[in-house]
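Trainee: This is the structure, below, for whatever I ask next.
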Protein chains: 2
Amino acid sequence: MRTSITGATSLLRTMADAGIEVCFANPGTSEMHFVAALGSLPRIRPVLGLFEGAVSGMADGYARVTGKPALTLYHLGTGFTNAAANLHNARRAKSPIVNVVGDHATTHKRWDSPLKSDIEALARPMSDWLRMAQSTHTLSADAAAAVAAARAAPGQIATLILPADIAWGTTEGHAPPLPQPRAAPPDPAAVARVAAVLRERGRTAALIVRAAAGEARGVAAIERICAGTGARALHDLMAPRVLRGAGRFPITRVAYRAEDAVASLTGLTDVVHVGTMPPVAPFAYPQFPSWLTPEGVTPVWLAHDHEDEVRALEALADALAAPVVTARHATAATEAPRGRLDALAIGRSLARHLPEGAILSEEAISNGPPIAAGTAHAAPHWHMTNTGGALGQGIPLATGAAVAAPDRKVVNVQADGSGLFTLQALWTQARERLDVLTIVLANRSYAVLRFEIDRVGATVEESLAGTLLDIDKPDIDWVSLAKGLGVEAVRATTAEAFDDALAALMKRRGPALIEAVMEQP
Amino acid sequence: MRTSITGATSLLRTMADAGIEVCFANPGTSEMHFVAALGSLPRIRPVLGLFEGAVSGMADGYARVTGKPALTLYHLGTGFTNAAANLHNARRAKSPIVNVVGDHATTHKRWDSPLKSDIEALARPMSDWLRMAQSTHTLSADAAAAVAAARAAPGQIATLILPADIAWGTTEGHAPPLPQPRAAPPDPAAVARVAAVLRERGRTAALIVRAAAGEARGVAAIERICAGTGARALHDLMAPRVLRGAGRFPITRVAYRAEDAVASLTGLTDVVHVGTMPPVAPFAYPQFPSWLTPEGVTPVWLAHDHEDEVRALEALADALAAPVVTARHATAATEAPRGRLDALAIGRSLARHLPEGAILSEEAISNGPPIAAGTAHAAPHWHMTNTGGALGQGIPLATGAAVAAPDRKVVNVQADGSGLFTLQALWTQARERLDVLTIVLANRSYAVLRFEIDRVGATVEESLAGTLLDIDKPDIDWVSLAKGLGVEAVRATTAEAFDDALAALMKRRGPALIEAVMEQP
């Protein structure tokens with residue numbers, strides 16, 4: 001007996017069979033059959049975002065914590081473009097994500113109706129894999145291919161465009177998933193080559209790693225290699241997550257500022273890349289180079305990004321006969337900060353109160369380095385930050401992380417300027433009762449731009465800088481914004497008040513926000 | 001004597017000479033020289049938006065009110081994609097807009113730095129004109145070409161991508177503007193053809209106009225034609241603005257719902273297009289056609305969209321020897337609404353309190369038709385609505401309109417779901433002290449989707465519909481959101497309270513918001 005199902009149902013059944021568990025969505029008219037199909041498939045949990053940039057950032061957070069792709073749903077080309085900035089960030093993090101973008105019915109596409117746009121053109125630059133569904137009968141095979149593409153090492157953005165009539169048409173059955181792609185195994189020649197370099201010049205060499213900094217096995221192997229050879233360990237700006245905190249082997253981030261990065265690499269004879277590209281400056285500056293590797297150093301690769309970083313590092317540690325390190329790194333109690341509320345004080349408070357196993361979503365922008373310094377000695381935690389430079393990644397990332405890890409505290413240290421790009425994700429925290437504590441660093445300016453003006457050699461009159469670089473007049477009231485989106489919030493203006501609020505809110509479950517009103521330096 | 005200026009300064013001097021008066025901006029590091037150049041040029045007013053989707057929507061509002069292009073400034077590809085949804089809406093309205101998108105320095109573009117993306121690919125689908133600046137010395141000529149492209153009839157989106165080193169390089173002098181493009185004059189053959197049709201079958205004919213519905217001369221000519229021939233006048237969904245209100249000749253919008261549009265066109269023998277395309281359904285539905293012109297009717301054109309609609313209508317009225325209509329249409333006082341607060345009550349309150357000359361920015365979505373019915377008899381005003389279907393157009397549109405017309409009251413009737421996409425524009429209203437009253441229709445659901453489910457033939461389980469189609473649990477608190485962004489707000493839950501609040505706030509200047517908590521039908 002035949003039992004017809006809609007194309008949308010066949011797609012979702014294949015995705016569920018392929019391991020998709022959550023769909024972050026902001027649907028519209030052309031996606032109603034997809035929405036209907038979701039309702040008949042309890043294996044995929046729907047999570048609503050009130051803006052597509054929140055939706056895509058949540059998918060990134062989910063993917064970074066679980067390593068698994070989330071499904072997202074957007075309405076037409078303009079829904080996709082709203083999601084694009086955080087998809088850009090996710091793509092830099094190499095997070096696996098499967099986007100479904102609803103499109104007009106194929107019979108309707110010849111008409112220039114109001115919402116018509118060239119979805120393929122808009123989606124291509126942000127997608128590693130892109131397909132326009134052709135037929136209801138092959139839609140579930142498209143779904144299988146999309147999930148496999150998202151999972152291809154090291155992780156990709158896969159976008160499937162779904163015309164409405166292909167979703168609402170009926171078919172029989174659904175395709176099985178593809179086998180899960182695997183990263184390439186370590187290359188013995190690369191392992192031998194790097195081992196020889198490190199044996200000879202380990203004390204003037206550095207490893208620059210990516211995903212391995214976020215895996216316990218990866219960090220253990222890095223620690224063995226560094227202990228055995230004297231090499232330093234760095235991770236690049238686009239590492240999806242990093243294991244940090246007291247007792248853990250420290251892996252330093254390549255500095256954001258070109259001059260700091262150059263200074264930290266000066267004197268090296270060898271740079272070993274593990275799933276990374278040689279560091280380049282985020283922006284061009286008239287007075288700094290873009291290429292940051294010291295002159296005369298030829299970078300070598302232990303693993304490229306399609307290879308298994310962790311296994312390559314383990315193979316290298318074994319080749320070096322580096323012993324397993326068992327001694328833990330010293331931890332020191334941090335005293336409560338007093339007085340002025342600045343990033344150092346906030347970092348110290350976090351060091352005191354961040355619970356073990358927390359996930360720290362940090363989009364602190366100009367305050368990133370002091371926050372990172374402070375939290376380096378907090379209880380062991382995961383650190384995830386903005387990988388692509390597009391603003392508005394922190395709140396959604398924390399939201400998706402909390403969906404992925406309901407039993408872990410998620411703390412989002414959030415610059416105020418960038419937080420405003422995707423504040424809508426706070427509402428999803430409230431609706432899903434997620435355990436996220438947001439700390440807004442309210443310096444009331446695009447402080448990073450005030451800092452960048454000099455470095456690019458520009459001079460901006462103070463009155464105009466005030467107009468375009470400060471976000472005061474009026475001040476943003478984050479306590480009210482959070483309340484408006486259903487999240488409880490408090491304001492702190494001194495280090496003592498902040499420390500008290502943080503201590504109290506870390507002990508509670510559920511979404512909350514602290515507006516940390518910071519003095520300007 | 002030579003006086004070197006930066007490329008950015010040369011660009012802005014040419015733009016100012018070409019008539020650009022406002023720059024709506026959200027800058028980043030790569031635009032710092034542009035920002036510096038703005039400071040030395042008081043002829044262009046900078047207006048900051050806290051999210052690029054707010055910036056582009058403001059430019060649309062400014063362009064619709066003034067007919068002149070605004071300049072916008074975005075940071076790299078992800079800044080542009082954040083702006084894209086409201087650029088899509090602006091493009092549908094054929095609003096003239098000049099976008100400048102900062103890019104990495106040409107020397108830096110070979111590197112895959114974190115914010116690198118394919119800006120040309122992202123911008124092309126949303127731009128009628130697109131150019132990547134090649135040299136500091138030709139940048140001001142690019143600026144002249146961009147402004148002329150934006151002004152080409154009927155109005156275009158022009159995007160100039162500006163690498164940082166081309167902005168910071170120095171040059172001598174700047175290019176003069178291009179002559180202002182003009183729409184093509186009326187085509188005598190088309191005028192004669194349409195006059196013959198209307199003389200013979202005027203009583204079963206309709207005009208479908210676009211920009212002329214927003215020009216006093218256009219409306220006067222339409223009224224003469226209709227009075228002289230018995231023809232009906234409609235305007236299409238994408239008309240940028242419409243002159244409406246008591247005493248004015250009514251020009252009806254082509255209905256959004258396909259079945260309503262079909263019903264309203266049934267029985268016509270002739271459809272005359274004036275700057276419009278034949279109406280098509282916004283979405284495909286299994287049971288409705290996409291093409292809405294009645295079977296057997298061959299549409300004719302009085303003017304295509306590159307021709308001057310108003311002069312063509314005047315030529316037609318003259319050809320028909322249609323007398324000038326001087327009788328004003330009846331107006332009736334509207335009684336205060338009582339009890340239940342729904343869209344009809346809000347429409348009636350608006351009819352009572354909207355001041356003459358107001359600009360009504362309406363993104364009411366599912367409540368659009370009753371609001372439009374109510375305000376049809378308000379004091380004469382301009383009505384501007386969502387032209388492209390991408391959500392989040394109302395708040396920024398009202399903001400840009402108020403920048404353009406500081407002496408007129410701007411009222412934004414705003415659905416809650418769509419308002420959340422670009423609520424950041426409220427802050428710009430506060431900073432610039434703009435005279436905008438926002439009325440949020442808080443029905444706490446994507447009501448249009450609940451309505452569309454049946455029409456696309458889908459069935460959604462109520463629990464899932466609640467998850468993905470309702471935006472309650474928790475309710476959005478718009479009073480707090482407005483306060484958070486510096487805008488005073490009140491909540492009304494009955495028709496009486498709403499009418500009182502509206503009366504009071506219409507008399508005050510400056511930004512304010514009413515959250516109208518609506519009962520569900």
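Scheme for the structure tokens: letters A, B, ... for chains in order shown; per-chain residue numbers from 1; ligand numbers from 1 in order shown.
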Using backbone DSSP assignments, extract all strand (DSSP E or B) residues from segment 54-298 of chain B; output them as a ChimeraX atom specification.
Mentor: /B:70-75,97-103,129-132,157-163,170-172,184,205-209,232-235,242-244,252-253,270-274,280,285,288,291
Trainee: Keeping only C-alpha atoms, write those residues as a PDB file, in the first residue's frame.
Mentor:
```pdb
ATOM      1  CA  ALA B  70      20.178  59.582   0.359  1.00  0.00           C
ATOM      2  CA  LEU B  71      23.681  58.292   0.779  1.00  0.00           C
ATOM      3  CA  THR B  72      24.263  55.238   2.978  1.00  0.00           C
ATOM      4  CA  LEU B  73      27.474  53.798   4.395  1.00  0.00           C
ATOM      5  CA  TYR B  74      28.012  50.139   5.304  1.00  0.00           C
ATOM      6  CA  HIS B  75      30.951  48.114   6.562  1.00  0.00           C
ATOM      7  CA  ILE B  97      19.598  55.360  -2.960  1.00  0.00           C
ATOM      8  CA  VAL B  98      23.382  55.577  -3.195  1.00  0.00           C
ATOM      9  CA  ASN B  99      25.159  52.930  -1.127  1.00  0.00           C
ATOM     10  CA  VAL B 100      28.839  53.152  -0.334  1.00  0.00           C
ATOM     11  CA  VAL B 101      30.188  49.851   0.966  1.00  0.00           C
ATOM     12  CA  GLY B 102      33.636  49.933   2.485  1.00  0.00           C
ATOM     13  CA  ASP B 103      35.954  47.138   1.473  1.00  0.00           C
ATOM     14  CA  TRP B 129      23.937  49.815 -10.627  1.00  0.00           C
ATOM     15  CA  LEU B 130      27.122  48.411  -9.119  1.00  0.00           C
ATOM     16  CA  ARG B 131      30.734  49.504  -9.366  1.00  0.00           C
ATOM     17  CA  MET B 132      33.977  48.613  -7.586  1.00  0.00           C
ATOM     18  CA  ILE B 157      19.681  51.446  -6.053  1.00  0.00           C
ATOM     19  CA  ALA B 158      23.296  52.374  -6.891  1.00  0.00           C
ATOM     20  CA  THR B 159      26.110  50.659  -4.994  1.00  0.00           C
ATOM     21  CA  LEU B 160      29.727  51.771  -5.008  1.00  0.00           C
ATOM     22  CA  ILE B 161      32.247  49.480  -3.318  1.00  0.00           C
ATOM     23  CA  LEU B 162      35.105  51.475  -1.857  1.00  0.00           C
ATOM     24  CA  PRO B 163      38.397  49.751  -0.914  1.00  0.00           C
ATOM     25  CA  THR B 170      45.215  61.407  -2.081  1.00  0.00           C
ATOM     26  CA  THR B 171      44.260  63.181  -5.266  1.00  0.00           C
ATOM     27  CA  GLU B 172      43.676  66.676  -6.651  1.00  0.00           C
ATOM     28  CA  ALA B 184      11.074  60.075 -20.805  1.00  0.00           C
ATOM     29  CA  ALA B 205     -11.676  50.115 -17.642  1.00  0.00           C
ATOM     30  CA  ALA B 206      -9.198  50.646 -14.809  1.00  0.00           C
ATOM     31  CA  LEU B 207      -5.968  52.587 -14.564  1.00  0.00           C
ATOM     32  CA  ILE B 208      -3.242  51.001 -12.420  1.00  0.00           C
ATOM     33  CA  VAL B 209      -0.748  53.688 -11.453  1.00  0.00           C
ATOM     34  CA  ARG B 232     -11.569  53.324 -11.986  1.00  0.00           C
ATOM     35  CA  ALA B 233      -8.181  54.151 -10.505  1.00  0.00           C
ATOM     36  CA  LEU B 234      -6.007  51.672  -8.667  1.00  0.00           C
ATOM     37  CA  HIS B 235      -2.422  51.789  -7.523  1.00  0.00           C
ATOM     38  CA  VAL B 242      -0.065  57.596  -1.924  1.00  0.00           C
ATOM     39  CA  LEU B 243      -1.919  60.845  -1.259  1.00  0.00           C
ATOM     40  CA  ARG B 244      -4.969  59.898   0.763  1.00  0.00           C
ATOM     41  CA  THR B 252      -7.543  52.095  -4.309  1.00  0.00           C
ATOM     42  CA  ARG B 253      -4.656  49.751  -3.671  1.00  0.00           C
ATOM     43  CA  ASP B 270      -9.420  47.048 -20.238  1.00  0.00           C
ATOM     44  CA  VAL B 271      -6.525  47.655 -17.873  1.00  0.00           C
ATOM     45  CA  VAL B 272      -4.321  50.677 -18.495  1.00  0.00           C
ATOM     46  CA  HIS B 273      -0.905  50.601 -16.866  1.00  0.00           C
ATOM     47  CA  VAL B 274       0.860  53.778 -15.832  1.00  0.00           C
ATOM     48  CA  VAL B 280       0.568  39.135  -9.786  1.00  0.00           C
ATOM     49  CA  TYR B 285      -1.353  29.178  -3.940  1.00  0.00           C
ATOM     50  CA  PHE B 288      -5.365  30.561  -7.215  1.00  0.00           C
ATOM     51  CA  TRP B 291      -1.550  36.246 -13.012  1.00  0.00           C
TER      52      TRP B 291
END
```
Trainee: At a cut-off of 6 Å, using only C-alpha atoms, what residues contact Ala152 of chain A? Leave out same-chain residues fewer than 3 positions from it and give the result as a ChimeraX atom specification.
Mentor: /A:149,155,181
Trainee: For chain B, which residue out of A:Arg203, A:Arg455, A:Arg509, A:Lys473 is the nearest one, using only C-alpha atoms?
Mentor: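 Of all the options, A:Lys473 lies closest to chain B.
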Trainee: What is the atom CA of Asp260 of chain B to atom CA of Arg91 of chain B distance in Å?
Mentor: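 Computed distance, atom CA of Asp260 of chain B to atom CA of Arg91 of chain B, equals 25.5 Å.
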Trainee: Identify all residues of segment 186-251 of chain B in alpha helix (DSSP H) (DSSP on the backbone) and supply them as a PyMOL selection string.
Mentor: chain B and resi 188-201+216-229
Trainee: Skipping near chain neighbours, those fewer than 2 positions away, what residues fall within 7 Å of segment 176-178 of chain B using only C-alpha atoms, listed as number ranges by chain?
Mentor: B: 14, 17-18, 144-145, 148, 174, 180
Trainee: Atom CA of Glu356 of chain A and atom CA of Ala402 of chain A, how far apart in Å?
Mentor: 15.2 Å
Trainee: Interatomic distance between atom CA of Leu50 of chain A and atom CA of Ala25 of chain A?
Mentor: 8.6 Å
Trainee: Taking only C-alpha atoms into account, name the residue in A:Gly484, A:Gly457, A:Gly347, A:Pro289 that is nearest to chain B.
Mentor: A:Gly484
Trainee: Which residues are near segment 53-61 of chain A? Cut-off 8 Å, only C-alpha atoms, ignore same chain within fewer than 3 positions. Put them as number ranges by chain.
Mentor: A: 24-26, 48-50, 64-65, 69-72, 82-87, 90, 95-97, 392-401, 404, 422-425
Trainee: Would you put the residues from that selection into a file with C-alpha atoms, as a compact mmCIF listing (two decimals), in the first residue's frame?
Mentor:
```txt
# COMPACT_ATOMS: atom_id res chain seq x y z
CA PHE A 24 16.08 27.10 14.34
CA ALA A 25 13.49 28.93 12.28
CA ASN A 26 11.87 32.12 11.16
CA LEU A 48 11.75 30.21 16.89
CA GLY A 49 13.96 33.24 16.43
CA LEU A 50 12.40 36.68 15.94
CA ARG A 64 30.11 24.65 18.04
CA VAL A 65 28.99 22.92 21.23
CA PRO A 69 24.71 20.39 12.26
CA ALA A 70 21.58 22.29 13.18
CA LEU A 71 18.89 22.87 10.61
CA THR A 72 17.73 26.44 9.96
CA ASN A 82 19.15 38.79 7.24
CA ALA A 83 20.85 35.56 8.33
CA ALA A 84 23.98 36.11 6.24
CA ALA A 85 26.20 38.00 8.71
CA ASN A 86 26.07 35.26 11.31
CA LEU A 87 26.37 32.60 8.61
CA ALA A 90 29.69 30.43 11.34
CA SER A 95 30.48 25.17 11.90
CA PRO A 96 28.29 22.59 10.19
CA ILE A 97 24.90 24.15 9.36
CA GLY A 392 25.92 40.53 16.55
CA GLN A 393 27.18 37.05 17.11
CA GLY A 394 27.36 36.79 20.91
CA ILE A 395 23.73 36.72 22.05
CA PRO A 396 22.56 34.21 19.43
CA LEU A 397 25.69 32.07 19.89
CA ALA A 398 25.01 31.84 23.62
CA THR A 399 21.38 30.99 22.91
CA GLY A 400 22.23 28.13 20.56
CA ALA A 401 24.90 26.87 22.97
CA ALA A 404 22.79 22.33 22.86
CA THR A 422 20.81 40.70 17.19
CA LEU A 423 19.28 41.45 20.60
CA GLN A 424 16.14 39.59 19.47
CA ALA A 425 17.81 36.33 20.55
```
Trainee: With distances taken over only C-alpha atoms, which of A:Asp454, A:Thr269, A:Val479, A:Lys409 is nearest to Val440 of chain A?
Mentor: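 The shortest atom-to-atom distance to Val440 of chain A comes from A:Val479.
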Trainee: So that I can see what lies close to Ala211 of chain A, please list as an MDAnalysis selection string the residues with an atom at most 12 Å from it, counting only C-alpha atoms and leaving out residues fewer than 6 positions away in the same chain.
Mentor: chainID A and resid 64:65 67 92:95 153:155 217:219 222 234:243 251 273:276 303:313 384
Trainee: With distances taken over only C-alpha atoms, which residue among A:Gly169, A:Pro337, A:Pro42, A:Gly28 lies nearest Glu461 of chain B?
Mentor: A:Pro42
Trainee: Would you please work out which residue, of B:Arg340, B:His104, B:Arg352, B:Arg248, is nearest to chain A when using only C-alpha atoms?
Mentor: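 The closest residue to chain A is B:His104.
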Trainee: What lies within 9 Å of segment 31-35 of chain B using only C-alpha atoms, ignoring chain neighbours under 2 positions off, as number ranges by chain?
Mentor: A: 449, 452-453, 456-460, 464-465, 468; B: 6-9, 11-12, 27-29, 37-39, 73-76, 101-103, 162-164, 167-168
Trainee: Output N, CA and C atoms of each residue in that selection to a file, as a short mmCIF file (atom, residue, chain, number, x, y, z; two decimals), in the first residue's frame.
Mentor:
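selection28.cif, freshly written:
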```cif
data_model
loop_
_atom_site.label_atom_id
_atom_site.label_comp_id
_atom_site.auth_asym_id
_atom_site.auth_seq_id
_atom_site.Cartn_x
_atom_site.Cartn_y
_atom_site.Cartn_z
N LEU A 449 36.27 51.37 17.11
CA LEU A 449 36.49 52.31 16.01
C LEU A 449 37.27 53.53 16.49
N GLU A 452 40.59 52.42 16.31
CA GLU A 452 41.10 52.15 14.96
C GLU A 452 41.40 53.43 14.18
N ILE A 453 40.76 54.53 14.54
CA ILE A 453 40.92 55.75 13.75
C ILE A 453 42.40 56.09 13.57
N VAL A 456 44.49 53.62 11.33
CA VAL A 456 44.37 53.70 9.87
C VAL A 456 44.84 55.06 9.37
N GLY A 457 45.33 55.91 10.27
CA GLY A 457 45.89 57.19 9.85
C GLY A 457 44.85 58.24 9.55
N ALA A 458 43.64 58.08 10.12
CA ALA A 458 42.59 59.08 9.90
C ALA A 458 42.52 60.01 11.10
N THR A 459 41.97 61.18 10.87
CA THR A 459 41.72 62.13 11.94
C THR A 459 40.25 62.52 11.84
N VAL A 460 39.53 62.28 12.91
CA VAL A 460 38.10 62.56 12.88
C VAL A 460 37.82 63.66 13.88
N LEU A 464 32.11 64.97 15.06
CA LEU A 464 31.62 63.94 14.16
C LEU A 464 31.85 62.57 14.76
N ALA A 465 33.00 62.38 15.42
CA ALA A 465 33.24 61.09 16.07
C ALA A 465 32.12 60.81 17.06
N LEU A 468 29.07 59.58 15.01
CA LEU A 468 29.08 58.29 14.32
C LEU A 468 29.77 57.17 15.09
N THR B 6 41.95 63.56 0.35
CA THR B 6 41.81 62.10 0.27
C THR B 6 40.74 61.76 -0.76
N GLY B 7 40.82 60.54 -1.23
CA GLY B 7 39.79 60.05 -2.15
C GLY B 7 38.41 60.19 -1.52
N ALA B 8 38.30 59.87 -0.24
CA ALA B 8 37.01 59.96 0.44
C ALA B 8 36.45 61.38 0.39
N THR B 9 37.35 62.37 0.58
CA THR B 9 36.89 63.77 0.51
C THR B 9 36.44 64.12 -0.90
N LEU B 11 35.21 62.15 -3.12
CA LEU B 11 33.92 61.47 -3.34
C LEU B 11 32.78 62.28 -2.72
N LEU B 12 32.98 62.68 -1.47
CA LEU B 12 31.89 63.37 -0.76
C LEU B 12 31.65 64.77 -1.32
N PRO B 27 29.28 52.70 10.27
CA PRO B 27 30.64 52.50 9.76
C PRO B 27 31.44 51.47 10.54
N GLY B 28 32.56 51.05 9.93
CA GLY B 28 33.52 50.17 10.59
C GLY B 28 34.93 50.62 10.29
N THR B 29 35.89 49.79 10.65
CA THR B 29 37.30 50.17 10.52
C THR B 29 37.65 50.60 9.10
N ALA B 37 36.33 62.24 6.37
CA ALA B 37 35.98 63.18 5.30
C ALA B 37 34.60 63.81 5.53
N LEU B 38 33.68 63.03 6.07
CA LEU B 38 32.35 63.57 6.38
C LEU B 38 32.45 64.75 7.34
N GLY B 39 33.40 64.64 8.27
CA GLY B 39 33.54 65.68 9.29
C GLY B 39 33.98 67.02 8.71
N LEU B 73 26.12 54.33 4.21
CA LEU B 73 27.47 53.80 4.40
C LEU B 73 27.40 52.51 5.20
N TYR B 74 27.99 51.45 4.64
CA TYR B 74 28.01 50.14 5.30
C TYR B 74 29.44 49.61 5.38
N HIS B 75 29.64 48.71 6.31
CA HIS B 75 30.95 48.11 6.56
C HIS B 75 31.01 46.73 5.92
N LEU B 76 31.70 46.64 4.80
CA LEU B 76 32.02 45.35 4.18
C LEU B 76 30.78 44.55 3.78
N VAL B 101 29.82 51.00 0.14
CA VAL B 101 30.19 49.85 0.97
C VAL B 101 31.70 49.83 1.08
N GLY B 102 32.19 50.01 2.28
CA GLY B 102 33.64 49.93 2.49
C GLY B 102 34.15 48.53 2.26
N ASP B 103 35.34 48.45 1.71
CA ASP B 103 35.95 47.14 1.47
C ASP B 103 37.38 47.19 2.02
N LEU B 162 33.99 50.55 -2.05
CA LEU B 162 35.10 51.48 -1.86
C LEU B 162 36.22 50.83 -1.03
N PRO B 163 37.26 50.30 -1.68
CA PRO B 163 38.40 49.75 -0.91
C PRO B 163 39.07 50.84 -0.07
N ALA B 164 39.52 50.45 1.12
CA ALA B 164 40.02 51.42 2.10
C ALA B 164 41.17 52.25 1.56
N ALA B 167 40.07 55.03 -0.62
CA ALA B 167 39.55 56.14 0.18
C ALA B 167 40.66 56.94 0.85
N TRP B 168 41.72 56.26 1.29
CA TRP B 168 42.75 57.00 2.04
C TRP B 168 43.84 57.58 1.14
#
```
Trainee: When distances are computed from only C-alpha atoms, which of B:Ala150, B:Ala492, B:Ala123, B:Ala213 shows the smallest separation from Phe249 of chain B?
Mentor: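 Of all the options, B:Ala213 lies closest to Phe249 of chain B.
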